[in-house]
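Engineer: Before anything else, here's the structure in question.
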Amino acid sequence: MKRVFKYRFSRRTLLLSALYLAVLALIGAGLHRLYIGGYLSAWFLSLVGALVVLMALSIPRKIVVKPATVEILCLLDMTEIPRIEIASAGRVEPRQMRWVVPLLGSYGFFGYYGYYFDLKSFEKVIVYASEWKNLVEIVDIYEQRYYVSCADADELVALLRPETADGSEAERPERSADDA
């Protein structure tokens with residue numbers, strides 16, 4: 001059975017995206033006005049254009065849960081996690097994410113995605129979110145942490161819980177706010 005969870009952008013994400021685009025457009029227009037025909041304005045516009053296109057291609061679109069894998073699909077990228085390698089999955093409160101800062105990725109430009117750094121545990125984490133609400137943490141057997149946002153977060157967590165051989169859910173301790 002295949003289940004698809006689509007990303008929905010929050011109002012905050014859309015406002016941040018519009019703000020980023022407006023600031024970049026103002027800087028580009030200012031450089032063009034100050035340096036007409038100069039290399040600086042052409043260099044800036046080329047760099048910003050390339051960054052916007054690269055970031056747009058990494059925008060998360062949907063999560064597909066299949067019997068054998070979990071796929072996180074972006075416009076151009078796909079992250080695949082074998083279900084057998086998922087050690088745990090659980091909800092995460094937005095306040096637990098305040099110690100997670102971007103290393104290489106986007107913070108609000110049509111979502112939150114890329115490599116982030118958790119200042120509490122000093123670990124690199126991977127984020128594929130369209131909002132800071134309804135976050136689900138997926139930890140694989142290699143202790144790599146993935147954070148995804150999903151409107152039906154409880155259903156996603158229930159689907160990702162590993163099952164025992166007899167088909168019942170495996171018992172595992174829940175993470176508290178202090179552990180995260």
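Scheme for the structure tokens: letters A, B, ... for chains in order shown; per-chain residue numbers from 1; ligand numbers from 1 in order shown.
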DSSP on the backbone: what in chain A comes out strand (DSSP E or B), as a VMD selection string?
Structural biologist: chain A and resid 3 to 6 60 to 65 69 to 74 78 to 82 86 to 92 100 to 107 112 to 118 123 to 129 135 to 140 145 to 149 163 169
Engineer: Would you save the residues of that selection, restricted to C-alpha atoms, as an mmCIF file, in the first residue's frame?
Structural biologist:
data_model
loop_
_atom_site.group_PDB
_atom_site.id
_atom_site.type_symbol
_atom_site.label_atom_id
_atom_site.label_comp_id
_atom_site.auth_asym_id
_atom_site.auth_seq_id
_atom_site.Cartn_x
_atom_site.Cartn_y
_atom_site.Cartn_z
ATOM 1 C CA ARG A 3 0.448 6.567 0.967
ATOM 2 C CA VAL A 4 1.299 10.091 -0.245
ATOM 3 C CA PHE A 5 1.610 13.127 2.047
ATOM 4 C CA LYS A 6 1.832 16.464 0.212
ATOM 5 C CA PRO A 60 10.182 19.505 -0.849
ATOM 6 C CA ARG A 61 6.976 18.430 -2.607
ATOM 7 C CA LYS A 62 5.710 15.203 -1.014
ATOM 8 C CA ILE A 63 6.456 12.204 1.159
ATOM 9 C CA VAL A 64 5.625 8.808 -0.309
ATOM 10 C CA VAL A 65 5.379 5.894 2.112
ATOM 11 C CA THR A 69 10.727 2.594 1.437
ATOM 12 C CA VAL A 70 9.946 6.139 2.461
ATOM 13 C CA GLU A 71 10.652 8.648 -0.294
ATOM 14 C CA ILE A 72 10.991 12.372 0.291
ATOM 15 C CA LEU A 73 10.494 13.964 -3.103
ATOM 16 C CA CYS A 74 11.697 17.419 -4.045
ATOM 17 C CA MET A 78 14.719 12.329 -3.981
ATOM 18 C CA THR A 79 15.767 10.968 -0.613
ATOM 19 C CA GLU A 80 14.944 7.324 -0.089
ATOM 20 C CA ILE A 81 14.971 5.681 3.344
ATOM 21 C CA PRO A 82 14.440 1.904 3.443
ATOM 22 C CA ILE A 86 14.031 3.248 10.298
ATOM 23 C CA ALA A 87 14.833 2.956 13.999
ATOM 24 C CA SER A 88 12.229 5.413 15.255
ATOM 25 C CA ALA A 89 9.742 8.043 14.208
ATOM 26 C CA GLY A 90 7.999 10.592 16.389
ATOM 27 C CA ARG A 91 6.444 14.041 16.605
ATOM 28 C CA VAL A 92 8.647 17.025 17.395
ATOM 29 C CA VAL A 100 18.619 23.699 14.938
ATOM 30 C CA VAL A 101 20.321 26.194 12.601
ATOM 31 C CA PRO A 102 20.978 25.976 8.848
ATOM 32 C CA LEU A 103 24.390 24.860 7.639
ATOM 33 C CA LEU A 104 23.713 24.492 3.931
ATOM 34 C CA GLY A 105 20.148 24.971 2.835
ATOM 35 C CA SER A 106 17.153 27.222 3.037
ATOM 36 C CA TYR A 107 15.574 28.905 6.022
ATOM 37 C CA TYR A 112 13.124 24.781 5.350
ATOM 38 C CA TYR A 113 15.361 22.207 3.742
ATOM 39 C CA GLY A 114 18.956 21.136 3.547
ATOM 40 C CA TYR A 115 21.620 20.324 6.095
ATOM 41 C CA TYR A 116 21.118 21.853 9.507
ATOM 42 C CA PHE A 117 23.168 21.677 12.702
ATOM 43 C CA ASP A 118 21.649 20.797 16.075
ATOM 44 C CA GLU A 123 24.946 16.683 15.161
ATOM 45 C CA LYS A 124 24.180 17.314 11.511
ATOM 46 C CA VAL A 125 20.509 16.744 10.682
ATOM 47 C CA ILE A 126 18.611 16.828 7.411
ATOM 48 C CA VAL A 127 15.449 18.927 7.203
ATOM 49 C CA TYR A 128 12.673 18.706 4.593
ATOM 50 C CA ALA A 129 9.928 20.964 5.915
ATOM 51 C CA LEU A 135 7.280 18.110 12.406
ATOM 52 C CA VAL A 136 8.166 14.419 12.406
ATOM 53 C CA GLU A 137 11.625 13.148 13.312
ATOM 54 C CA ILE A 138 12.773 10.012 11.500
ATOM 55 C CA VAL A 139 15.901 8.347 12.870
ATOM 56 C CA ASP A 140 17.521 5.548 10.918
ATOM 57 C CA ARG A 145 18.051 12.261 11.816
ATOM 58 C CA TYR A 146 15.573 13.559 9.257
ATOM 59 C CA TYR A 147 12.958 16.183 10.067
ATOM 60 C CA VAL A 148 9.931 16.407 7.772
ATOM 61 C CA SER A 149 6.748 18.423 8.094
ATOM 62 C CA GLU A 163 6.444 -3.651 13.512
ATOM 63 C CA GLU A 169 3.863 -2.501 17.009
#
Engineer: Per DSSP on the backbone, filter stretch 4-178 of chain A down to the residues in helix (DSSP H, G or I) and report them as a PyMOL selection string.
Structural biologist: chain A and resi 11-34+39-57+83-85+94-99+153-160
Engineer: Of the candidates A:Arg11, A:Lys66, A:Lys120, A:Lys133, which shows the shortest atom-to-atom distance to A:Ala153, using only C-alpha atoms?
Structural biologist: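 Closest to A:Ala153, using only C-alpha atoms: A:Lys133.
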Engineer: To one decimal place, how far is atom CA of A:Ser46 from atom CA of A:Phe9 in Å?
Structural biologist: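 Pair atom CA of A:Ser46 / atom CA of A:Phe9 returns 27.4 Å.
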Engineer: So what do you get for atom CA of A:Val23 versus atom CA of A:Val52, distance-wise?
Structural biologist: 12.8 Å
Engineer: Interatomic distance between atom CA of A:Ala25 and atom CA of A:Ser10?
Structural biologist: 22.8 Å
Engineer: With only C-alpha atoms as the counted atoms, please give the residues lying no more than 10 Å from A:Val48, apart from itself and same-chain residues fewer than 4 positions off, as a list in words.
Structural biologist: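 Contacts, with the query itself left out: Leu21, Leu24, Ala25, Gly28, Ala42, Trp43, Phe44, Val52, Val53 and Leu54 of chain A.
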Engineer: Could you dump the residues just selected with all heavy atoms as an mmCIF file, in the first residue's frame?
Structural biologist:
data_model
loop_
_atom_site.group_PDB
_atom_site.id
_atom_site.type_symbol
_atom_site.label_atom_id
_atom_site.label_comp_id
_atom_site.auth_asym_id
_atom_site.auth_seq_id
_atom_site.Cartn_x
_atom_site.Cartn_y
_atom_site.Cartn_z
ATOM 1 N N LEU A 21 12.690 37.358 -1.790
ATOM 2 C CA LEU A 21 12.677 37.751 -3.198
ATOM 3 C C LEU A 21 12.674 39.269 -3.354
ATOM 4 O O LEU A 21 13.352 39.820 -4.231
ATOM 5 C CB LEU A 21 11.472 37.137 -3.906
ATOM 6 C CG LEU A 21 11.550 35.624 -4.147
ATOM 7 C CD1 LEU A 21 10.229 35.104 -4.690
ATOM 8 C CD2 LEU A 21 12.693 35.292 -5.080
ATOM 9 N N LEU A 24 16.228 40.610 -2.511
ATOM 10 C CA LEU A 24 17.150 40.316 -3.613
ATOM 11 C C LEU A 24 16.863 41.197 -4.822
ATOM 12 O O LEU A 24 17.790 41.674 -5.487
ATOM 13 C CB LEU A 24 17.074 38.839 -3.985
ATOM 14 C CG LEU A 24 17.645 37.869 -2.956
ATOM 15 C CD1 LEU A 24 17.373 36.429 -3.370
ATOM 16 C CD2 LEU A 24 19.125 38.100 -2.752
ATOM 17 N N ALA A 25 15.596 41.437 -5.110
ATOM 18 C CA ALA A 25 15.234 42.303 -6.237
ATOM 19 C C ALA A 25 15.686 43.748 -5.976
ATOM 20 O O ALA A 25 16.191 44.416 -6.890
ATOM 21 C CB ALA A 25 13.734 42.248 -6.481
ATOM 22 N N GLY A 28 19.465 43.857 -6.381
ATOM 23 C CA GLY A 28 19.783 43.768 -7.809
ATOM 24 C C GLY A 28 19.483 45.066 -8.535
ATOM 25 O O GLY A 28 20.275 45.529 -9.362
ATOM 26 N N ALA A 42 26.129 42.469 -13.108
ATOM 27 C CA ALA A 42 25.948 41.231 -13.883
ATOM 28 C C ALA A 42 26.342 40.014 -13.043
ATOM 29 O O ALA A 42 25.660 38.980 -13.068
ATOM 30 C CB ALA A 42 26.774 41.285 -15.159
ATOM 31 N N TRP A 43 27.420 40.128 -12.290
ATOM 32 C CA TRP A 43 27.868 39.027 -11.428
ATOM 33 C C TRP A 43 26.822 38.732 -10.359
ATOM 34 O O TRP A 43 26.477 37.574 -10.123
ATOM 35 C CB TRP A 43 29.201 39.403 -10.787
ATOM 36 C CG TRP A 43 29.689 38.377 -9.827
ATOM 37 C CD1 TRP A 43 30.379 37.255 -10.125
ATOM 38 C CD2 TRP A 43 29.527 38.392 -8.404
ATOM 39 N NE1 TRP A 43 30.648 36.558 -8.974
ATOM 40 C CE2 TRP A 43 30.132 37.235 -7.902
ATOM 41 C CE3 TRP A 43 28.919 39.269 -7.509
ATOM 42 C CZ2 TRP A 43 30.158 36.928 -6.550
ATOM 43 C CZ3 TRP A 43 28.941 38.958 -6.172
ATOM 44 C CH2 TRP A 43 29.552 37.800 -5.704
ATOM 45 N N PHE A 44 26.301 39.777 -9.721
ATOM 46 C CA PHE A 44 25.305 39.589 -8.671
ATOM 47 C C PHE A 44 24.037 38.956 -9.226
ATOM 48 O O PHE A 44 23.497 38.014 -8.651
ATOM 49 C CB PHE A 44 24.969 40.931 -8.001
ATOM 50 C CG PHE A 44 23.907 40.815 -6.954
ATOM 51 C CD1 PHE A 44 24.207 40.325 -5.692
ATOM 52 C CD2 PHE A 44 22.592 41.173 -7.232
ATOM 53 C CE1 PHE A 44 23.221 40.199 -4.729
ATOM 54 C CE2 PHE A 44 21.603 41.044 -6.269
ATOM 55 C CZ PHE A 44 21.921 40.563 -5.014
ATOM 56 N N VAL A 52 18.703 31.002 -6.742
ATOM 57 C CA VAL A 52 17.247 30.853 -6.701
ATOM 58 C C VAL A 52 16.819 29.593 -7.441
ATOM 59 O O VAL A 52 15.984 28.824 -6.968
ATOM 60 C CB VAL A 52 16.550 32.114 -7.266
ATOM 61 C CG1 VAL A 52 15.079 31.860 -7.527
ATOM 62 C CG2 VAL A 52 16.735 33.279 -6.315
ATOM 63 N N VAL A 53 17.404 29.340 -8.595
ATOM 64 C CA VAL A 53 17.057 28.135 -9.351
ATOM 65 C C VAL A 53 17.478 26.881 -8.581
ATOM 66 O O VAL A 53 16.703 25.917 -8.476
ATOM 67 C CB VAL A 53 17.697 28.170 -10.754
ATOM 68 C CG1 VAL A 53 17.595 26.818 -11.442
ATOM 69 C CG2 VAL A 53 17.048 29.239 -11.600
ATOM 70 N N LEU A 54 18.684 26.854 -8.022
ATOM 71 C CA LEU A 54 19.134 25.689 -7.257
ATOM 72 C C LEU A 54 18.260 25.442 -6.031
ATOM 73 O O LEU A 54 17.922 24.295 -5.715
ATOM 74 C CB LEU A 54 20.597 25.854 -6.835
ATOM 75 C CG LEU A 54 21.628 25.653 -7.926
ATOM 76 C CD1 LEU A 54 23.014 26.004 -7.421
ATOM 77 C CD2 LEU A 54 21.596 24.223 -8.433
#
